[in-house]
file model13.csv (CSV, C-alpha atoms)
chain,number,residue,atom,x,y,z
A,26,MET,CA,-3.4,-2.7,-1.6
A,27,VAL,CA,0.4,-2.3,-1.3
A,28,SER,CA,2.2,-5.3,0.2
A,29,LYS,CA,4.4,-5.3,3.3
A,30,ARG,CA,7.4,-6.3,1.2
A,31,SER,CA,7.0,-3.6,-1.3
A,32,GLU,CA,6.5,-1.0,1.4
A,33,PHE,CA,9.7,-2.2,3.2
A,34,LEU,CA,11.7,-2.1,-0.1
A,35,THR,CA,10.3,1.4,-0.9
A,36,GLY,CA,11.4,2.6,2.5
A,37,ILE,CA,14.9,1.3,1.9
A,38,LYS,CA,15.0,2.8,-1.6
A,39,GLU,CA,13.8,6.3,-0.6
A,40,ILE,CA,16.2,6.7,2.3
A,41,LEU,CA,19.2,5.6,0.2
A,42,PRO,CA,20.0,9.1,-1.3
A,43,ILE,CA,19.9,10.6,2.2
A,44,LEU,CA,22.5,8.1,3.3
A,45,LEU,CA,25.1,9.8,1.2
A,46,GLY,CA,24.9,12.6,3.7
A,47,VAL,CA,24.7,10.3,6.7
A,48,LEU,CA,27.7,8.2,5.8
A,49,PRO,CA,30.4,10.9,6.0
A,50,PHE,CA,28.7,12.2,9.1
A,51,GLY,CA,29.0,8.8,10.8
A,52,LEU,CA,32.6,8.7,9.6
A,53,ILE,CA,33.3,12.1,11.2
A,54,TYR,CA,31.6,11.1,14.4
A,55,GLY,CA,33.9,8.1,14.7
A,56,VAL,CA,37.0,10.1,13.9
A,57,SER,CA,36.1,12.9,16.3
A,58,ALA,CA,35.2,10.5,19.1
A,59,ARG,CA,38.6,8.9,18.8
A,60,SER,CA,40.4,12.2,18.7
A,61,ALA,CA,38.5,13.3,21.8
A,62,GLY,CA,40.0,10.3,23.5
A,63,LEU,CA,37.0,8.1,23.8
A,64,PRO,CA,37.7,4.3,24.0
A,65,VAL,CA,36.8,2.4,20.8
A,66,LEU,CA,34.1,0.3,22.5
A,67,ALA,CA,32.5,3.3,24.2
A,68,ALA,CA,32.5,5.3,21.0
A,69,GLN,CA,30.7,2.6,19.1
A,70,ALA,CA,28.4,1.8,22.0
A,71,MET,CA,27.0,5.4,21.8
A,72,SER,CA,25.9,4.7,18.2
A,73,PHE,CA,23.9,1.7,19.5
A,74,ILE,CA,22.6,3.2,22.7
A,75,VAL,CA,21.8,6.8,21.7
A,76,PHE,CA,21.6,6.5,17.9
A,77,ALA,CA,21.2,10.2,17.3
A,78,GLY,CA,23.9,11.9,15.2
A,79,SER,CA,23.8,15.5,16.3
A,80,ALA,CA,23.5,14.5,20.0
A,81,GLN,CA,26.4,12.1,19.7
A,82,PHE,CA,28.5,14.9,18.1
A,83,VAL,CA,27.6,17.4,20.8
A,84,THR,CA,28.4,14.9,23.5
A,85,VAL,CA,31.8,14.2,22.0
A,86,GLN,CA,32.5,17.9,21.7
A,87,LEU,CA,31.5,18.6,25.3
A,88,ILE,CA,33.4,15.7,26.7
A,89,SER,CA,36.6,16.8,24.9
A,90,ALA,CA,36.0,20.4,26.2
A,91,GLY,CA,35.9,19.0,29.8
A,92,VAL,CA,32.3,20.0,30.5
A,93,PRO,CA,30.7,18.4,33.6
A,94,VAL,CA,28.8,15.2,33.1
A,95,SER,CA,25.4,16.6,34.1
A,96,ILE,CA,25.6,19.4,31.6
A,97,VAL,CA,26.6,17.0,28.8
A,98,ILE,CA,23.6,14.8,29.6
A,99,LEU,CA,21.3,17.8,29.8
A,100,THR,CA,22.5,19.3,26.5
A,101,ALA,CA,22.3,16.0,24.6
A,102,CYS,CA,18.7,15.4,25.9
A,103,LEU,CA,17.6,18.9,25.1
A,104,LEU,CA,18.9,18.5,21.6
A,105,ASN,CA,16.9,15.3,21.3
A,106,LEU,CA,13.7,17.0,22.6
A,107,ARG,CA,12.8,17.7,19.0
A,108,HIS,CA,12.2,13.9,18.6
A,109,ALA,CA,9.1,14.4,20.9
A,110,LEU,CA,7.7,16.6,18.2
A,111,TYR,CA,8.4,13.9,15.6
A,112,SER,CA,6.9,11.3,17.9
A,113,ALA,CA,3.7,13.4,18.2
A,114,SER,CA,3.6,14.0,14.5
A,115,ILE,CA,3.9,10.3,13.6
A,116,ALA,CA,1.8,9.0,16.4
A,117,PRO,CA,-1.6,9.3,14.7
A,118,TYR,CA,-0.4,7.1,11.8
A,119,VAL,CA,0.9,4.3,14.0
A,120,LYS,CA,-1.6,4.4,16.8
A,121,ARG,CA,-3.3,1.2,15.8
A,122,LEU,CA,-0.1,-0.9,15.7
A,123,PRO,CA,0.7,-3.4,18.4
A,124,ARG,CA,2.9,-2.3,21.3
A,125,ARG,CA,6.0,-4.2,20.1
A,126,TRP,CA,5.8,-2.3,16.8
A,127,LYS,CA,5.6,1.0,18.5
A,128,MET,CA,8.6,0.2,20.7
A,129,LEU,CA,10.7,-0.9,17.7
A,130,LEU,CA,9.7,2.1,15.5
A,131,ALA,CA,10.5,4.6,18.3
A,132,TYR,CA,14.0,3.3,18.4
A,133,VAL,CA,14.6,4.1,14.7
A,134,LEU,CA,12.8,7.5,14.8
A,135,THR,CA,15.7,9.7,13.7
A,136,ASP,CA,15.7,13.1,11.8
A,137,GLU,CA,16.2,11.3,8.5
A,138,ALA,CA,13.8,8.4,9.0
A,139,TYR,CA,11.2,10.8,10.2
A,140,ALA,CA,11.6,13.1,7.2
A,141,VAL,CA,11.1,10.4,4.6
A,142,THR,CA,8.4,8.5,6.6
A,143,ILE,CA,6.1,11.4,7.3
A,144,THR,CA,6.3,12.4,3.6
A,145,HIS,CA,5.4,8.9,2.7
A,146,TYR,CA,2.4,8.8,5.1
A,147,ARG,CA,1.1,12.1,3.8
A,148,GLN,CA,1.7,11.5,0.1
A,149,SER,CA,0.1,8.1,-0.3
A,150,ASP,CA,-2.7,9.1,2.1
A,151,GLY,CA,-4.8,11.3,-0.3
A,152,ALA,CA,-7.1,12.8,2.3
A,153,GLY,CA,-4.2,13.5,4.6
A,154,ILE,CA,-3.8,13.2,8.3
A,155,ARG,CA,-7.4,14.2,9.2
A,156,SER,CA,-8.9,11.0,7.6
A,157,VAL,CA,-6.6,8.9,9.7
A,158,ALA,CA,-7.3,10.7,12.9
A,159,SER,CA,-11.1,10.5,12.4
A,160,ASN,CA,-11.2,6.9,11.3
A,161,ASN,CA,-11.8,4.8,14.3
A,162,ASP,CA,-12.1,1.5,12.5
A,163,ALA,CA,-9.7,-0.9,14.2
A,164,ARG,CA,-9.1,-2.7,10.9
A,165,PHE,CA,-7.8,0.5,9.3
A,166,VAL,CA,-4.2,-0.5,9.3
A,167,THR,CA,-2.1,0.1,6.3
A,168,PRO,CA,1.3,-1.7,5.8
A,169,LYS,CA,3.1,1.7,5.7
A,170,HIS,CA,4.8,1.0,9.0
A,171,TRP,CA,6.9,-1.5,6.9
A,172,TYR,CA,8.1,1.5,5.0
A,173,PHE,CA,9.1,3.2,8.3
A,174,LEU,CA,10.9,0.1,9.4
A,175,GLY,CA,12.7,-0.3,6.0
A,176,ALA,CA,13.9,3.3,6.1
A,177,GLY,CA,14.8,3.3,9.8
A,178,LEU,CA,16.6,0.0,9.8
A,179,THR,CA,18.6,0.9,6.7
A,180,LEU,CA,19.7,4.1,8.3
A,181,TRP,CA,20.6,2.2,11.5
A,182,ILE,CA,22.8,-0.3,9.7
A,183,VAL,CA,24.6,2.5,7.7
A,184,TRP,CA,25.1,4.6,10.9
A,185,GLN,CA,26.6,1.7,12.8
A,186,ILE,CA,29.0,0.8,9.9
A,187,SER,CA,30.0,4.3,9.1
A,188,THR,CA,30.7,5.2,12.8
A,189,ALA,CA,32.7,2.0,13.2
A,190,VAL,CA,34.8,2.8,10.1
A,191,GLY,CA,35.4,6.3,11.4
A,192,ILE,CA,36.4,5.0,14.8
A,193,LEU,CA,38.9,2.6,13.1
A,194,LEU,CA,40.2,5.3,10.8
A,195,GLY,CA,40.8,7.4,13.9
A,196,ALA,CA,42.5,10.7,13.1
A,197,ASN,CA,43.5,9.8,9.6
A,198,VAL,CA,40.7,11.9,7.9
A,199,PRO,CA,41.9,15.5,7.4
A,200,THR,CA,39.5,18.1,8.8
A,201,SER,CA,40.2,20.2,5.6
A,202,TRP,CA,37.8,17.9,3.8
A,203,SER,CA,35.0,19.6,5.8
A,204,LEU,CA,33.0,16.4,5.7
A,205,ASP,CA,30.9,17.7,8.6
A,206,PHE,CA,29.2,20.0,6.1
A,207,THR,CA,27.3,17.1,4.6
A,208,LEU,CA,24.9,17.3,7.6
A,209,PRO,CA,23.5,20.8,7.0
A,210,LEU,CA,23.5,19.9,3.2
A,211,THR,CA,21.4,16.8,3.9
A,212,PHE,CA,18.9,18.9,5.9
A,213,ILE,CA,18.8,21.5,3.2
A,214,ALA,CA,18.0,18.8,0.6
A,215,LEU,CA,15.2,17.6,2.9
A,216,VAL,CA,13.5,20.8,4.0
A,217,VAL,CA,13.7,23.1,0.9
A,218,PRO,CA,11.5,21.0,-1.4
A,219,ALA,CA,9.0,20.6,1.4
A,220,LEU,CA,8.4,24.3,1.7
A,221,LYS,CA,5.3,25.1,-0.4
A,222,THR,CA,3.0,27.7,1.2
A,223,ARG,CA,3.8,31.3,2.3
A,224,ALA,CA,3.2,30.3,5.9
A,225,GLU,CA,5.7,27.4,5.6
A,226,TRP,CA,8.4,29.7,4.2
A,227,ILE,CA,7.8,32.2,6.9
A,228,ALA,CA,7.9,29.6,9.6
A,229,ALA,CA,11.1,28.1,8.3
A,230,GLY,CA,12.8,31.5,7.9
A,231,THR,CA,11.7,32.7,11.3
A,232,ALA,CA,13.1,29.5,13.0
A,233,GLY,CA,16.4,29.7,11.1
A,234,ILE,CA,17.0,33.4,11.9
A,235,ILE,CA,16.0,33.1,15.6
A,236,ALA,CA,18.3,30.0,15.9
A,237,VAL,CA,21.2,32.2,14.6
A,238,LEU,CA,20.4,35.1,16.8
A,239,ALA,CA,19.7,33.0,19.9
A,240,VAL,CA,23.0,31.1,19.8
A,241,GLY,CA,24.1,32.9,23.0
A,242,LEU,CA,21.3,31.2,25.0
A,243,PRO,CA,22.6,28.6,27.4
A,244,LEU,CA,22.2,24.8,27.0
A,245,ASN,CA,21.3,24.9,23.3
A,246,LEU,CA,17.9,26.4,24.3
A,247,GLY,CA,18.2,28.5,21.1
A,248,LEU,CA,17.2,25.5,19.0
A,249,LEU,CA,13.9,25.0,20.9
A,250,VAL,CA,13.1,28.7,21.2
A,251,ALA,CA,13.6,29.0,17.4
A,252,THR,CA,11.5,26.0,16.6
A,253,PHE,CA,8.5,27.0,18.8
A,254,THR,CA,8.6,30.6,17.6
A,255,GLY,CA,8.7,29.5,14.0
A,256,MET,CA,5.8,27.1,14.5
A,257,ALA,CA,3.7,29.7,16.2
A,258,ILE,CA,4.3,32.4,13.6
A,259,GLY,CA,3.7,29.9,10.7
A,260,LEU,CA,0.5,28.8,12.3
A,261,GLY,CA,-0.6,32.4,12.8
A,262,VAL,CA,0.1,33.3,9.2
A,263,GLU,CA,-1.8,30.2,8.0
A,264,VAL,CA,-4.8,30.8,10.2
A,265,LYS,CA,-4.9,34.4,9.0
A,266,ALA,CA,-4.8,33.3,5.4
A,267,GLY,CA,-7.8,31.1,6.0
A,268,GLY,CA,-6.0,27.7,6.6
A,269,ARG,CA,-5.7,25.1,3.9
B,7,MET,CA,32.6,4.0,33.8
B,8,THR,CA,31.2,7.6,34.0
B,9,LEU,CA,31.3,7.6,30.2
B,10,TRP,CA,29.1,4.4,30.0
B,11,LEU,CA,26.7,5.8,32.6
B,12,MET,CA,26.4,9.0,30.7
B,13,PHE,CA,25.7,7.2,27.4
B,14,PHE,CA,23.2,5.0,29.1
B,15,VAL,CA,21.3,8.0,30.6
B,16,ILE,CA,21.3,9.9,27.3
B,17,GLY,CA,20.2,6.8,25.4
B,18,VAL,CA,17.3,6.0,27.8
B,19,VAL,CA,16.1,9.6,27.8
B,20,THR,CA,16.4,9.8,24.0
B,21,TYR,CA,14.4,6.6,23.6
B,22,ALA,CA,11.7,7.8,26.1
B,23,ILE,CA,11.4,11.0,24.1
B,24,ARG,CA,11.0,9.1,20.8
B,25,LEU,CA,8.5,6.7,22.3
B,26,SER,CA,6.6,9.5,24.2
B,27,CYS,CA,3.7,10.3,21.9
B,28,ILE,CA,3.8,7.1,19.9
B,29,GLY,CA,3.5,5.0,23.0
B,30,LEU,CA,1.1,7.1,25.0
B,31,LEU,CA,-1.3,8.0,22.3
B,32,GLY,CA,-3.7,5.1,22.5
B,33,GLN,CA,-6.9,5.4,20.7
B,34,ARG,CA,-7.3,9.1,21.7
B,35,GLU,CA,-7.9,11.7,19.1
B,36,MET,CA,-5.5,14.6,18.8
B,37,PRO,CA,-6.8,18.1,18.8
B,38,ALA,CA,-7.0,19.6,15.3
B,39,LEU,CA,-4.8,22.6,16.2
B,40,LEU,CA,-2.1,20.3,17.5
B,41,LEU,CA,-2.2,18.3,14.2
B,42,LYS,CA,-2.0,21.5,12.2
B,43,SER,CA,1.0,22.8,14.2
B,44,LEU,CA,2.8,19.5,14.0
B,45,ARG,CA,3.0,19.9,10.2
B,46,PHE,CA,5.4,22.8,11.0
B,47,VAL,CA,7.8,20.7,13.1
B,48,PRO,CA,10.2,19.5,10.5
B,49,LEU,CA,9.9,22.8,8.6
B,50,THR,CA,11.2,24.7,11.6
B,51,VAL,CA,13.5,22.3,13.4
B,52,LEU,CA,15.7,21.7,10.3
B,53,PRO,CA,16.2,25.4,9.4
B,54,ALA,CA,17.0,26.0,13.1
B,55,ILE,CA,19.8,23.4,12.8
B,56,ILE,CA,20.9,24.4,9.4
B,57,LEU,CA,21.2,28.2,9.6
B,58,PRO,CA,23.6,28.5,12.6
B,59,GLN,CA,25.9,26.0,10.8
B,60,LEU,CA,26.0,28.3,7.8
B,61,PHE,CA,26.0,31.8,9.3
B,62,LEU,CA,27.9,31.3,12.5
B,63,ARG,CA,31.6,30.8,13.2
B,64,ASN,CA,32.7,30.2,16.8
B,65,ASN,CA,29.2,31.4,17.8
B,66,THR,CA,29.5,34.8,16.1
B,67,LEU,CA,27.8,36.0,12.9
B,68,ALA,CA,30.1,35.4,9.9
B,69,LEU,CA,28.5,37.0,6.9
B,70,SER,CA,31.7,37.9,5.1
B,71,ILE,CA,33.0,36.2,2.0
B,72,GLN,CA,35.7,34.8,4.2
B,73,ASN,CA,33.1,32.3,5.4
B,74,PRO,CA,32.4,29.9,2.4
B,75,ARG,CA,29.7,27.9,4.3
B,76,TRP,CA,26.8,30.2,3.9
B,77,MET,CA,27.6,30.7,0.2
B,78,ALA,CA,27.8,26.9,-0.4
B,79,GLY,CA,24.7,26.5,1.6
B,80,ILE,CA,22.7,29.0,-0.4
B,81,LEU,CA,23.9,27.4,-3.6
B,82,ALA,CA,22.8,24.0,-2.3
B,83,ALA,CA,19.4,25.5,-1.3
B,84,ILE,CA,18.9,26.8,-4.8
B,85,VAL,CA,19.7,23.4,-6.3
B,86,ALA,CA,17.3,21.7,-3.8
B,87,TRP,CA,14.6,24.2,-4.7
B,88,ARG,CA,14.9,23.8,-8.5
B,89,THR,CA,15.7,20.1,-8.7
B,90,ARG,CA,14.3,18.4,-5.5
B,91,ASN,CA,17.2,16.1,-5.9
B,92,VAL,CA,18.9,15.0,-2.6
B,93,LEU,CA,22.1,13.6,-4.1
B,94,LEU,CA,22.6,16.6,-6.4
B,95,THR,CA,22.1,19.0,-3.6
B,96,ILE,CA,24.7,17.4,-1.4
B,97,ALA,CA,27.1,17.0,-4.3
B,98,VAL,CA,26.8,20.6,-5.5
B,99,GLY,CA,27.1,21.9,-1.9
B,100,MET,CA,30.2,19.9,-1.1
B,101,VAL,CA,32.0,20.8,-4.4
B,102,GLY,CA,30.9,24.4,-3.9
B,103,LEU,CA,32.5,24.5,-0.5
B,104,TRP,CA,35.7,22.9,-1.6
B,105,VAL,CA,36.0,25.3,-4.5
B,106,LEU,CA,35.3,28.3,-2.3
B,107,GLN,CA,37.8,27.1,0.3
B,108,PHE,CA,40.4,26.6,-2.3
B,109,VAL,CA,39.8,30.1,-3.8
B,110,LEU,CA,39.9,31.7,-0.4
B,111,GLU,CA,43.1,30.1,0.6
B,112,ARG,CA,44.9,31.6,-2.5
call {"tool": "encode", "arguments": {"input": "model13.csv", "output": "structure tokens"}}
result
Amino acid sequence: MVSKRSEFLTGIKEILPILLGVLPFGLIYGVSARSAGLPVLAAQAMSFIVFAGSAQFVTVQLISAGVPVSIVILTACLLNLRHALYSASIAPYVKRLPRRWKMLLAYVLTDEAYAVTITHYRQSDGAGIRSVASNNDARFVTPKHWYFLGAGLTLWIVWQISTAVGILLGANVPTSWSLDFTLPLTFIALVVPALKTRAEWIAAGTAGIIAVLAVGLPLNLGLLVATFTGMAIGLGVEVKAGGR
Amino acid sequence: MTLWLMFFVIGVVTYAIRLSCIGLLGQREMPALLLKSLRFVPLTVLPAIILPQLFLRNNTLALSIQNPRWMAGILAAIVAWRTRNVLLTIAVGMVGLWVLQFVLER
């Protein structure tokens, strides 16, 4: 049986390489928030309150473009709708935890924390998600939520610090460094090694291509359309191939 | 003031979205098809975020060699595929982008 402590430390250890991509991203958020004219305190408050990199970026961009408040809110929330899918995906593993744990873990459920945590839940859980879902024994609680907390909390701390540094640096980081590119690179590093079956490759490719083609759709709907189409097609291919 | 209200609303909605299934799913079993499809979530959301950042410029398709991002991105994807190393992927992708930008500016 793995201890809480070692799970917590493993969570910290395994999110560390991802932080290399998050750190400059936080820095750029801070810089762009200041150059968009946001007050120092408000810019940092968004990192506390929202704690979602891409939504924070989009919000800053739209504010500086003078977009009406209601549209900014709607766009940011739509962009974060993908977290509902993460929430659904992680829910079976945490369903036996006390309420206060669920409330805490929900706050740190970001793209990066989700990616490492779901991989951890699946890896060390030999039989996979089905055994968890079908096991109704209330005592069946592993300390893996400590891994989730370790990863999520570490990301939170690094995000707060890096956005604060970016805000303080202000407009002193030249855009020619293209540090914003670390975000797609981080995502590439996370998703490519996770693609194994033909159905998974087709799902990923479909989603990516549709997202590119659907960029004209209003309110960032392209992202959601692409995701759901990719999922449906991947599922279809998998079912046709006889599942796994 | 509007700014704070805006952040507050976005924050509350974001938190509610994140808590949604974690909080509501009590002891209920999830349907097998839903579990199966959820496996595809990260595999489709992430490419849908990545590809537009590589292949679009100002919301139009930019497949020429004047756009170094898709080339650096493909390079990084190859590194990720062969090595499964997060740090190396980011490092190669960034250096690749800088080199391509430097060459294109000549």
call {"tool": "atom_distance", "arguments": {"input": "model13.csv", "atom1": "atom CA of Tyr132 of chain A", "atom2": "atom CA of Cys27 of chain B"}}
result
12.9 Å
call {"tool": "closest_residue", "arguments": {"input": "model13.csv", "among": "B:Ala78, B:Leu57, B:Met7, B:Val15", "to": "Leu106 of chain B", "atoms": "all atoms listed in the file"}}
result
B:Ala78
call {"tool": "interface_residues", "arguments": {"input": "model13.csv", "of": "chain B", "to": "chain A", "cutoff": "6 Å", "atoms": "all atoms listed in the file", "output": "PDB file with C-alpha atoms, in the coordinates of the input"}}
result
ATOM      1  CA  ILE B  16      21.300   9.900  27.300  1.00  0.00           C
ATOM      2  CA  GLY B  17      20.200   6.800  25.400  1.00  0.00           C
ATOM      3  CA  ILE B  23      11.400  11.000  24.100  1.00  0.00           C
ATOM      4  CA  ARG B  24      11.000   9.100  20.800  1.00  0.00           C
ATOM      5  CA  LEU B  25       8.500   6.700  22.300  1.00  0.00           C
ATOM      6  CA  CYS B  27       3.700  10.300  21.900  1.00  0.00           C
ATOM      7  CA  ILE B  28       3.800   7.100  19.900  1.00  0.00           C
ATOM      8  CA  LEU B  44       2.800  19.500  14.000  1.00  0.00           C
ATOM      9  CA  PHE B  46       5.400  22.800  11.000  1.00  0.00           C
ATOM     10  CA  LEU B  49       9.900  22.800   8.600  1.00  0.00           C
ATOM     11  CA  THR B  50      11.200  24.700  11.600  1.00  0.00           C
ATOM     12  CA  VAL B  51      13.500  22.300  13.400  1.00  0.00           C
ATOM     13  CA  PRO B  53      16.200  25.400   9.400  1.00  0.00           C
ATOM     14  CA  ALA B  54      17.000  26.000  13.100  1.00  0.00           C
ATOM     15  CA  ILE B  56      20.900  24.400   9.400  1.00  0.00           C
ATOM     16  CA  LEU B  57      21.200  28.200   9.600  1.00  0.00           C
ATOM     17  CA  PRO B  58      23.600  28.500  12.600  1.00  0.00           C
ATOM     18  CA  ALA B  86      17.300  21.700  -3.800  1.00  0.00           C
ATOM     19  CA  TRP B  87      14.600  24.200  -4.700  1.00  0.00           C
ATOM     20  CA  ARG B  90      14.300  18.400  -5.500  1.00  0.00           C
ATOM     21  CA  VAL B  92      18.900  15.000  -2.600  1.00  0.00           C
ATOM     22  CA  LEU B  93      22.100  13.600  -4.100  1.00  0.00           C
ATOM     23  CA  THR B  95      22.100  19.000  -3.600  1.00  0.00           C
ATOM     24  CA  ILE B  96      24.700  17.400  -1.400  1.00  0.00           C
TER      25      ILE B  96
END
call {"tool": "residues_around", "arguments": {"input": "model13.csv", "residues": "Leu103 of chain B", "least_positions_apart": "6", "cutoff": "8 Å", "atoms": "all atoms listed in the file", "output": "ChimeraX atom specification"}}
result
/B:74-75,77-78
call {"tool": "build_atoms", "arguments": {"input": "model13.csv", "residues": "segment 62-84 of chain A", "atoms": "N, CA and C atoms", "output": "PDB file, keeping the file's coordinate frame"}}
result
ATOM      1  N   GLY A  62      39.474  11.212  22.504  1.00  0.00           N
ATOM      2  CA  GLY A  62      40.000  10.300  23.500  1.00  0.00           C
ATOM      3  C   GLY A  62      39.057   9.260  24.026  1.00  0.00           C
ATOM      4  N   LEU A  63      37.890   9.099  23.360  1.00  0.00           N
ATOM      5  CA  LEU A  63      37.000   8.100  23.800  1.00  0.00           C
ATOM      6  C   LEU A  63      37.496   6.672  23.414  1.00  0.00           C
ATOM      7  N   PRO A  64      37.327   5.688  24.317  1.00  0.00           N
ATOM      8  CA  PRO A  64      37.700   4.300  24.000  1.00  0.00           C
ATOM      9  C   PRO A  64      36.918   3.797  22.802  1.00  0.00           C
ATOM     10  N   VAL A  65      37.506   2.908  22.003  1.00  0.00           N
ATOM     11  CA  VAL A  65      36.800   2.400  20.800  1.00  0.00           C
ATOM     12  C   VAL A  65      35.453   1.822  21.126  1.00  0.00           C
ATOM     13  N   LEU A  66      35.380   0.985  22.145  1.00  0.00           N
ATOM     14  CA  LEU A  66      34.100   0.300  22.500  1.00  0.00           C
ATOM     15  C   LEU A  66      33.046   1.300  22.899  1.00  0.00           C
ATOM     16  N   ALA A  67      33.439   2.274  23.729  1.00  0.00           N
ATOM     17  CA  ALA A  67      32.500   3.300  24.200  1.00  0.00           C
ATOM     18  C   ALA A  67      31.968   4.132  23.071  1.00  0.00           C
ATOM     19  N   ALA A  68      32.875   4.493  22.164  1.00  0.00           N
ATOM     20  CA  ALA A  68      32.500   5.300  21.000  1.00  0.00           C
ATOM     21  C   ALA A  68      31.454   4.640  20.164  1.00  0.00           C
ATOM     22  N   GLN A  69      31.647   3.342  19.916  1.00  0.00           N
ATOM     23  CA  GLN A  69      30.700   2.600  19.100  1.00  0.00           C
ATOM     24  C   GLN A  69      29.407   2.331  19.882  1.00  0.00           C
ATOM     25  N   ALA A  70      29.552   2.102  21.187  1.00  0.00           N
ATOM     26  CA  ALA A  70      28.400   1.800  22.000  1.00  0.00           C
ATOM     27  C   ALA A  70      27.390   2.988  21.969  1.00  0.00           C
ATOM     28  N   MET A  71      27.910   4.199  21.888  1.00  0.00           N
ATOM     29  CA  MET A  71      27.000   5.400  21.800  1.00  0.00           C
ATOM     30  C   MET A  71      26.149   5.312  20.581  1.00  0.00           C
ATOM     31  N   SER A  72      26.697   4.818  19.474  1.00  0.00           N
ATOM     32  CA  SER A  72      25.900   4.700  18.200  1.00  0.00           C
ATOM     33  C   SER A  72      24.746   3.710  18.432  1.00  0.00           C
ATOM     34  N   PHE A  73      24.990   2.659  19.247  1.00  0.00           N
ATOM     35  CA  PHE A  73      23.900   1.700  19.500  1.00  0.00           C
ATOM     36  C   PHE A  73      22.911   2.250  20.494  1.00  0.00           C
ATOM     37  N   ILE A  74      23.429   2.821  21.609  1.00  0.00           N
ATOM     38  CA  ILE A  74      22.600   3.200  22.700  1.00  0.00           C
ATOM     39  C   ILE A  74      21.781   4.481  22.409  1.00  0.00           C
ATOM     40  N   VAL A  75      22.473   5.480  21.892  1.00  0.00           N
ATOM     41  CA  VAL A  75      21.800   6.800  21.700  1.00  0.00           C
ATOM     42  C   VAL A  75      21.229   6.866  20.271  1.00  0.00           C
ATOM     43  N   PHE A  76      22.007   6.460  19.262  1.00  0.00           N
ATOM     44  CA  PHE A  76      21.600   6.500  17.900  1.00  0.00           C
ATOM     45  C   PHE A  76      20.929   7.799  17.480  1.00  0.00           C
ATOM     46  N   ALA A  77      21.700   8.894  17.676  1.00  0.00           N
ATOM     47  CA  ALA A  77      21.200  10.200  17.300  1.00  0.00           C
ATOM     48  C   ALA A  77      22.465  11.053  16.930  1.00  0.00           C
ATOM     49  N   GLY A  78      22.693  11.236  15.635  1.00  0.00           N
ATOM     50  CA  GLY A  78      23.900  11.900  15.200  1.00  0.00           C
ATOM     51  C   GLY A  78      24.325  13.131  15.833  1.00  0.00           C
ATOM     52  N   SER A  79      23.424  14.145  15.790  1.00  0.00           N
ATOM     53  CA  SER A  79      23.800  15.500  16.300  1.00  0.00           C
ATOM     54  C   SER A  79      24.098  15.400  17.805  1.00  0.00           C
ATOM     55  N   ALA A  80      23.299  14.619  18.553  1.00  0.00           N
ATOM     56  CA  ALA A  80      23.500  14.500  20.000  1.00  0.00           C
ATOM     57  C   ALA A  80      24.842  13.812  20.282  1.00  0.00           C
ATOM     58  N   GLN A  81      25.176  12.807  19.475  1.00  0.00           N
ATOM     59  CA  GLN A  81      26.400  12.100  19.700  1.00  0.00           C
ATOM     60  C   GLN A  81      27.621  13.068  19.415  1.00  0.00           C
ATOM     61  N   PHE A  82      27.472  13.899  18.379  1.00  0.00           N
ATOM     62  CA  PHE A  82      28.500  14.900  18.100  1.00  0.00           C
ATOM     63  C   PHE A  82      28.708  15.870  19.222  1.00  0.00           C
ATOM     64  N   VAL A  83      27.589  16.424  19.674  1.00  0.00           N
ATOM     65  CA  VAL A  83      27.600  17.400  20.800  1.00  0.00           C
ATOM     66  C   VAL A  83      28.248  16.779  21.999  1.00  0.00           C
ATOM     67  N   THR A  84      27.851  15.546  22.306  1.00  0.00           N
ATOM     68  CA  THR A  84      28.400  14.900  23.500  1.00  0.00           C
ATOM     69  C   THR A  84      29.905  14.742  23.390  1.00  0.00           C
TER      70      THR A  84
END
